[in-house]
file work_13.csv (CSV, C-alpha atoms)
chain,number,residue,atom,x,y,z
N,27,MET,CA,97.8,122.3,84.5
N,28,PRO,CA,97.3,118.7,83.5
N,29,GLN,CA,96.8,116.2,86.3
N,30,GLU,CA,98.9,113.1,86.7
N,31,PRO,CA,97.2,109.9,85.5
N,32,SER,CA,95.4,108.0,88.3
N,33,VAL,CA,96.7,104.6,89.2
N,34,HIS,CA,93.1,103.4,88.6
N,35,HIS,CA,93.7,104.0,84.8
N,36,ASN,CA,96.1,101.0,84.8
N,37,LEU,CA,93.5,98.6,86.3
N,38,PRO,CA,92.7,95.8,86.4
N,39,ARG,CA,96.2,94.6,87.2
N,40,GLU,CA,97.6,91.1,87.9
N,41,ILE,CA,99.7,90.8,91.0
N,42,LEU,CA,102.1,88.0,91.7
N,43,VAL,CA,101.6,86.1,94.9
N,44,ASP,CA,104.1,84.0,97.0
N,45,SER,CA,107.1,84.5,94.7
N,46,GLU,CA,109.1,82.9,97.5
N,47,HIS,CA,106.8,79.9,97.9
N,48,ILE,CA,107.9,76.7,99.7
N,49,GLY,CA,109.1,75.0,96.5
N,50,ILE,CA,111.4,77.9,95.7
N,51,ARG,CA,112.7,78.2,99.3
N,52,VAL,CA,113.7,74.5,99.1
N,53,LEU,CA,115.0,74.6,95.5
N,54,ILE,CA,117.4,77.6,95.8
N,55,PRO,CA,119.5,76.2,98.7
N,56,PHE,CA,119.5,72.8,97.0
N,57,LEU,CA,120.8,74.3,93.8
N,58,GLY,CA,123.5,76.0,95.8
N,59,LEU,CA,124.6,72.7,97.3
N,60,LEU,CA,124.4,70.9,94.0
N,61,GLY,CA,126.6,73.5,92.3
N,62,PHE,CA,129.1,73.4,95.1
N,63,PHE,CA,129.5,69.6,95.0
N,64,SER,CA,129.4,69.6,91.2
N,65,GLY,CA,132.4,71.9,91.1
N,66,ILE,CA,134.4,69.7,93.4
N,67,VAL,CA,133.5,66.5,91.4
N,68,LEU,CA,134.2,68.3,88.1
N,69,VAL,CA,137.7,69.4,89.1
N,70,ASN,CA,138.6,66.0,90.5
N,71,LEU,CA,137.4,64.4,87.3
N,72,ILE,CA,139.5,66.7,85.1
N,73,GLN,CA,142.6,66.7,87.2
N,74,PRO,CA,142.5,63.5,89.4
N,75,ALA,CA,146.2,63.9,90.2
N,76,LEU,CA,145.4,67.0,92.2
N,77,GLY,CA,142.8,65.3,94.3
N,78,ASP,CA,145.2,64.5,97.2
N,79,LEU,CA,147.1,67.8,97.1
N,80,VAL,CA,146.2,70.9,99.0
N,81,GLY,CA,146.3,73.0,95.8
N,82,GLY,CA,144.0,70.6,94.1
N,83,TRP,CA,141.4,70.8,96.9
N,84,CYS,CA,141.7,74.6,96.9
N,85,LEU,CA,141.0,74.6,93.2
N,86,ALA,CA,138.0,72.2,93.7
N,87,LEU,CA,136.6,74.3,96.5
N,88,GLY,CA,136.9,77.5,94.4
N,89,ALA,CA,135.2,75.8,91.5
N,90,GLY,CA,132.5,74.6,93.9
N,91,GLY,CA,131.9,78.1,95.2
N,92,ILE,CA,131.7,79.6,91.7
N,93,LEU,CA,129.3,76.9,90.4
N,94,SER,CA,127.2,77.3,93.6
N,95,ILE,CA,126.7,81.0,92.8
N,96,LEU,CA,125.9,80.2,89.2
N,97,PHE,CA,123.3,77.6,90.1
N,98,VAL,CA,121.6,79.9,92.6
N,99,GLN,CA,121.5,82.6,89.9
N,100,LEU,CA,120.0,80.1,87.5
N,101,GLY,CA,117.3,79.3,90.1
N,102,GLU,CA,116.5,83.0,90.8
N,103,ARG,CA,116.5,84.3,87.3
N,104,VAL,CA,115.3,81.4,85.2
N,105,ILE,CA,113.4,78.8,87.3
N,106,LYS,CA,111.7,81.1,89.8
N,107,PRO,CA,109.8,83.1,87.1
N,108,LEU,CA,108.8,79.8,85.4
N,109,TRP,CA,107.5,78.2,88.7
N,110,PRO,CA,104.7,80.4,90.1
N,111,SER,CA,102.9,79.5,93.3
N,112,GLY,CA,99.6,78.6,91.7
N,113,ARG,CA,97.9,81.7,93.2
N,114,TYR,CA,97.7,85.3,91.9
N,115,LEU,CA,95.6,88.4,92.5
N,116,THR,CA,93.7,90.6,90.2
N,117,LEU,CA,93.3,94.2,91.5
N,118,ALA,CA,90.5,96.3,90.2
N,119,SER,CA,89.0,99.6,91.2
N,120,ASP,CA,85.9,97.9,92.8
N,121,GLY,CA,87.7,95.0,94.5
N,122,ILE,CA,90.3,92.2,94.4
N,123,THR,CA,90.1,88.6,93.2
N,124,ILE,CA,92.3,85.8,94.3
N,125,HIS,CA,92.8,83.0,91.7
N,126,TYR,CA,93.9,79.4,92.4
N,127,ARG,CA,95.3,76.9,89.9
N,128,ASN,CA,95.6,73.4,91.3
N,129,THR,CA,97.2,70.3,90.0
N,130,SER,CA,94.1,69.2,88.1
N,131,LYS,CA,94.4,72.5,86.0
N,132,LYS,CA,91.1,73.8,87.3
N,133,HIS,CA,90.8,77.5,87.7
N,134,LEU,CA,89.1,78.7,90.9
N,135,GLU,CA,88.7,82.3,92.0
N,136,ARG,CA,87.2,84.3,94.9
N,137,GLN,CA,86.1,87.9,94.6
N,138,PHE,CA,86.1,90.6,97.3
N,139,TYR,CA,84.4,93.9,96.6
N,140,TRP,CA,85.6,96.9,98.7
N,141,HIS,CA,82.1,98.0,99.7
N,142,GLU,CA,81.2,94.5,100.9
N,143,VAL,CA,84.1,93.6,103.1
N,144,ASP,CA,85.3,94.1,106.7
N,145,PHE,CA,88.8,95.3,106.8
N,146,HIS,CA,91.4,94.6,109.5
N,147,SER,CA,95.1,95.4,109.3
N,148,TRP,CA,98.1,94.8,111.6
N,149,TYR,CA,101.8,94.6,111.7
N,150,TRP,CA,104.6,93.1,113.8
N,151,GLU,CA,108.4,93.7,113.9
N,152,VAL,CA,110.8,91.0,112.9
N,153,GLU,CA,112.9,90.5,116.0
N,154,THR,CA,115.5,88.0,114.7
N,155,ARG,CA,116.8,87.9,111.2
N,156,LYS,CA,115.2,85.3,109.0
N,157,THR,CA,116.6,83.7,105.8
N,158,ARG,CA,115.5,86.6,103.6
N,159,ILE,CA,114.0,89.2,106.0
N,160,PRO,CA,116.4,91.5,108.0
N,161,ARG,CA,115.8,92.1,111.6
N,162,GLY,CA,113.8,95.2,112.3
N,163,TRP,CA,111.6,95.0,109.2
N,164,TYR,CA,107.9,95.0,109.6
N,165,CYS,CA,105.4,92.3,108.4
N,166,VAL,CA,102.3,94.3,107.4
N,167,ALA,CA,99.1,92.5,106.7
N,168,PHE,CA,95.4,93.1,106.1
N,169,ARG,CA,92.4,90.8,106.2
N,170,LEU,CA,89.3,91.2,104.0
N,171,SER,CA,86.3,89.3,105.1
N,172,THR,CA,82.7,88.6,104.2
N,173,GLU,CA,80.1,86.4,105.9
N,174,GLU,CA,81.5,83.4,104.0
N,175,HIS,CA,85.1,84.0,103.1
N,176,HIS,CA,88.2,85.9,103.9
N,177,LEU,CA,91.5,86.9,102.3
N,178,ILE,CA,94.7,87.8,104.0
N,179,VAL,CA,97.4,89.7,102.0
N,180,TYR,CA,100.8,90.6,103.5
N,181,ALA,CA,104.3,91.9,102.8
N,182,PHE,CA,107.6,92.5,104.5
N,183,MET,CA,109.2,95.9,104.2
N,184,PRO,CA,111.6,98.2,106.0
N,185,LYS,CA,110.2,100.1,109.0
N,186,THR,CA,110.4,103.5,107.4
N,187,GLU,CA,108.6,102.2,104.3
N,188,ALA,CA,105.8,100.6,106.3
N,189,GLU,CA,105.2,103.7,108.4
N,190,ALA,CA,104.9,105.8,105.3
N,191,LEU,CA,101.8,103.8,104.2
N,192,PRO,CA,98.7,106.0,104.2
N,193,ARG,CA,97.2,106.3,107.7
N,194,PHE,CA,99.6,103.7,109.1
N,195,LYS,CA,99.3,104.7,112.8
N,196,GLU,CA,95.5,104.7,112.8
N,197,ARG,CA,94.9,101.9,110.4
N,198,PHE,CA,97.3,99.2,111.5
N,199,VAL,CA,97.2,97.5,114.9
N,200,HIS,CA,100.6,96.7,116.4
N,201,LEU,CA,100.7,93.0,117.2
N,202,LEU,CA,102.9,92.8,120.3
N,203,PRO,CA,105.3,90.0,121.2
N,204,LYS,CA,103.9,87.1,123.2
N,205,LYS,CA,105.3,88.2,126.6
N,206,ALA,CA,103.9,91.7,126.2
N,207,ARG,CA,100.5,90.3,125.3
N,208,GLU,CA,100.5,88.1,128.3
N,209,GLU,CA,101.2,91.1,130.6
N,210,LEU,CA,98.2,92.9,129.1
N,211,ALA,CA,95.8,90.2,130.2
N,212,THR,CA,96.0,91.5,133.8
N,213,THR,CA,96.8,95.2,133.2
N,214,ASP,CA,94.6,96.1,130.2
N,215,PRO,CA,91.9,93.4,129.4
N,216,ARG,CA,90.4,95.5,126.6
N,217,THR,CA,93.6,95.9,124.7
N,218,SER,CA,94.4,92.2,125.5
N,219,ALA,CA,91.2,91.1,123.8
N,220,THR,CA,92.1,93.1,120.7
N,221,GLN,CA,95.6,91.6,120.7
N,222,THR,CA,94.1,88.1,121.0
N,223,ARG,CA,91.8,88.7,118.1
N,224,TYR,CA,94.6,89.9,115.9
N,225,LYS,CA,96.8,87.1,117.0
N,226,GLN,CA,94.2,84.8,115.5
N,227,PHE,CA,94.3,86.7,112.3
N,228,GLU,CA,98.1,86.4,112.3
N,229,SER,CA,97.8,82.6,112.7
N,230,GLN,CA,95.6,82.6,109.7
N,231,ARG,CA,98.2,84.6,107.8
N,232,TRP,CA,100.8,82.1,108.6
N,233,PHE,CA,98.9,79.2,107.1
N,234,GLU,CA,97.0,80.8,104.2
N,235,GLY,CA,98.2,84.4,103.7
N,236,ALA,CA,99.1,85.7,100.2
N,237,GLU,CA,102.5,87.4,100.2
N,238,VAL,CA,103.0,90.2,97.7
N,239,SER,CA,105.8,92.7,97.2
N,240,ALA,CA,106.0,95.9,99.3
N,241,THR,CA,105.1,98.0,96.2
N,242,ASP,CA,102.1,95.9,95.4
N,243,PHE,CA,100.9,96.0,99.0
N,244,ALA,CA,101.0,99.8,99.0
N,245,LEU,CA,99.2,99.8,95.6
N,246,ILE,CA,96.3,97.7,96.9
N,247,LEU,CA,95.8,100.0,99.9
N,248,GLU,CA,95.8,103.0,97.6
N,249,VAL,CA,93.2,101.5,95.3
N,250,ALA,CA,91.0,100.1,98.2
N,251,SER,CA,90.9,103.4,100.1
N,252,ILE,CA,89.3,101.6,103.1
call {"tool": "encode", "arguments": {"input": "work_13.csv", "output": "structure tokens"}}
result
Amino acid sequence: MPQEPSVHHNLPREILVDSEHIGIRVLIPFLGLLGFFSGIVLVNLIQPALGDLVGGWCLALGAGGILSILFVQLGERVIKPLWPSGRYLTLASDGITIHYRNTSKKHLERQFYWHEVDFHSWYWEVETRKTRIPRGWYCVAFRLSTEEHHLIVYAFMPKTEAEALPRFKERFVHLLPKKAREELATTDPRTSATQTRYKQFESQRWFEGAEVSATDFALILEVASI
């Protein structure tokens, strides 16, 4: 019986990083507001006589809502793919490389080979709904490190999807909320020290982590096998 082709046969593979980078997170709401006010202005320009009437304002608000949706869709489907974050990953069977493109158009890259890195992974649960992340989802992350450099990759995904990752329970450390970590300082110093270490990793993730899709995160773990 023929075997299914290995995922390694499709490598190397380029992986998008930070599709929701800060520029996009600012631009999309701005486009929504721009579309809304453009609709109001447009209706009042076309039918100025309706400007002081309730019906006229209802028409203007309706047009604003429609244009707001259209402008947001424009940002999501057209501008977002054309405005990458400036970073991307290349996944290969022997390691992973992060690439940087800066404003001077220089191309920088940093390679991490599976057999040369230390691997640490953790997760925490989203307790309050964020703009694009539902409450109860997990943020899952791993850190590859050498003597000189490190790379943190992370993704947000539903709890059931995260717990289905290979060896999730033994591989990922659960980073507890602040109050629970503080209680451990007196009740379980050893676990508290582990939590402190992973909290430091989490702080690094916040500032420099590379966000990927849930599918790509699972793929990297499958290829790495570490």
call {"tool": "atom_distance", "arguments": {"input": "work_13.csv", "atom1": "atom CA of N:Gln137", "atom2": "atom CA of N:His125"}}
result
8.8 Å
call {"tool": "closest_residue", "arguments": {"input": "work_13.csv", "among": "N:His200, N:Val143, N:Thr116, N:Thr212", "to": "N:Glu173", "atoms": "all atoms listed in the file"}}
result
N:Val143
call {"tool": "atom_distance", "arguments": {"input": "work_13.csv", "atom1": "atom CA of N:Ser239", "atom2": "atom CA of N:Arg207"}}
result
28.7 Å
call {"tool": "residues_near_point", "arguments": {"input": "work_13.csv", "point": "(100.7, 99.9, 110.2)", "cutoff": "6 Å", "atoms": "all atoms listed in the file", "output": "PyMOL selection string"}}
result
chain N and resi 148-149+194-195+198
call {"tool": "residues_around", "arguments": {"input": "work_13.csv", "residues": "stretch 163-170 of chain N", "least_positions_apart": "2", "cutoff": "7 Å", "atoms": "only C-alpha atoms", "output": "PyMOL selection string"}}
result
chain N and resi 143-152+160-161+176-185+188
call {"tool": "atom_distance", "arguments": {"input": "work_13.csv", "atom1": "atom CA of N:Tyr224", "atom2": "atom CA of N:Leu210"}}
result
14.0 Å
call {"tool": "closest_residue", "arguments": {"input": "work_13.csv", "among": "N:Ala219, N:Leu134, N:Val43, N:Leu37", "to": "N:Val238", "atoms": "all atoms listed in the file"}}
result
N:Val43
call {"tool": "closest_residue", "arguments": {"input": "work_13.csv", "among": "N:Gln226, N:Arg136, N:Pro203, N:Leu96", "to": "N:Glu153", "atoms": "only C-alpha atoms"}}
result
N:Pro203
call {"tool": "closest_residue", "arguments": {"input": "work_13.csv", "among": "N:Lys204, N:Glu187, N:Arg158, N:Ile95", "to": "N:Phe243", "atoms": "all atoms listed in the file"}}
result
N:Glu187
call {"tool": "residues_around", "arguments": {"input": "work_13.csv", "residues": "N:Arg39", "least_positions_apart": "6", "cutoff": "10 Å", "atoms": "only C-alpha atoms", "output": "list of chain:residue names"}}
result
N:Leu115, N:Thr116, N:Leu117, N:Ala118, N:Ser119, N:Ile122
call {"tool": "axis_aligned_box", "arguments": {"input": "work_13.csv", "around": "stretch 189-195 of chain N", "padding_each_side": "5 Å", "output": "AutoDock Vina command-line options"}}
result
--center_x 101.2 --center_y 105.0 --center_z 108.5 --size_x 18.0 --size_y 12.6 --size_z 18.6
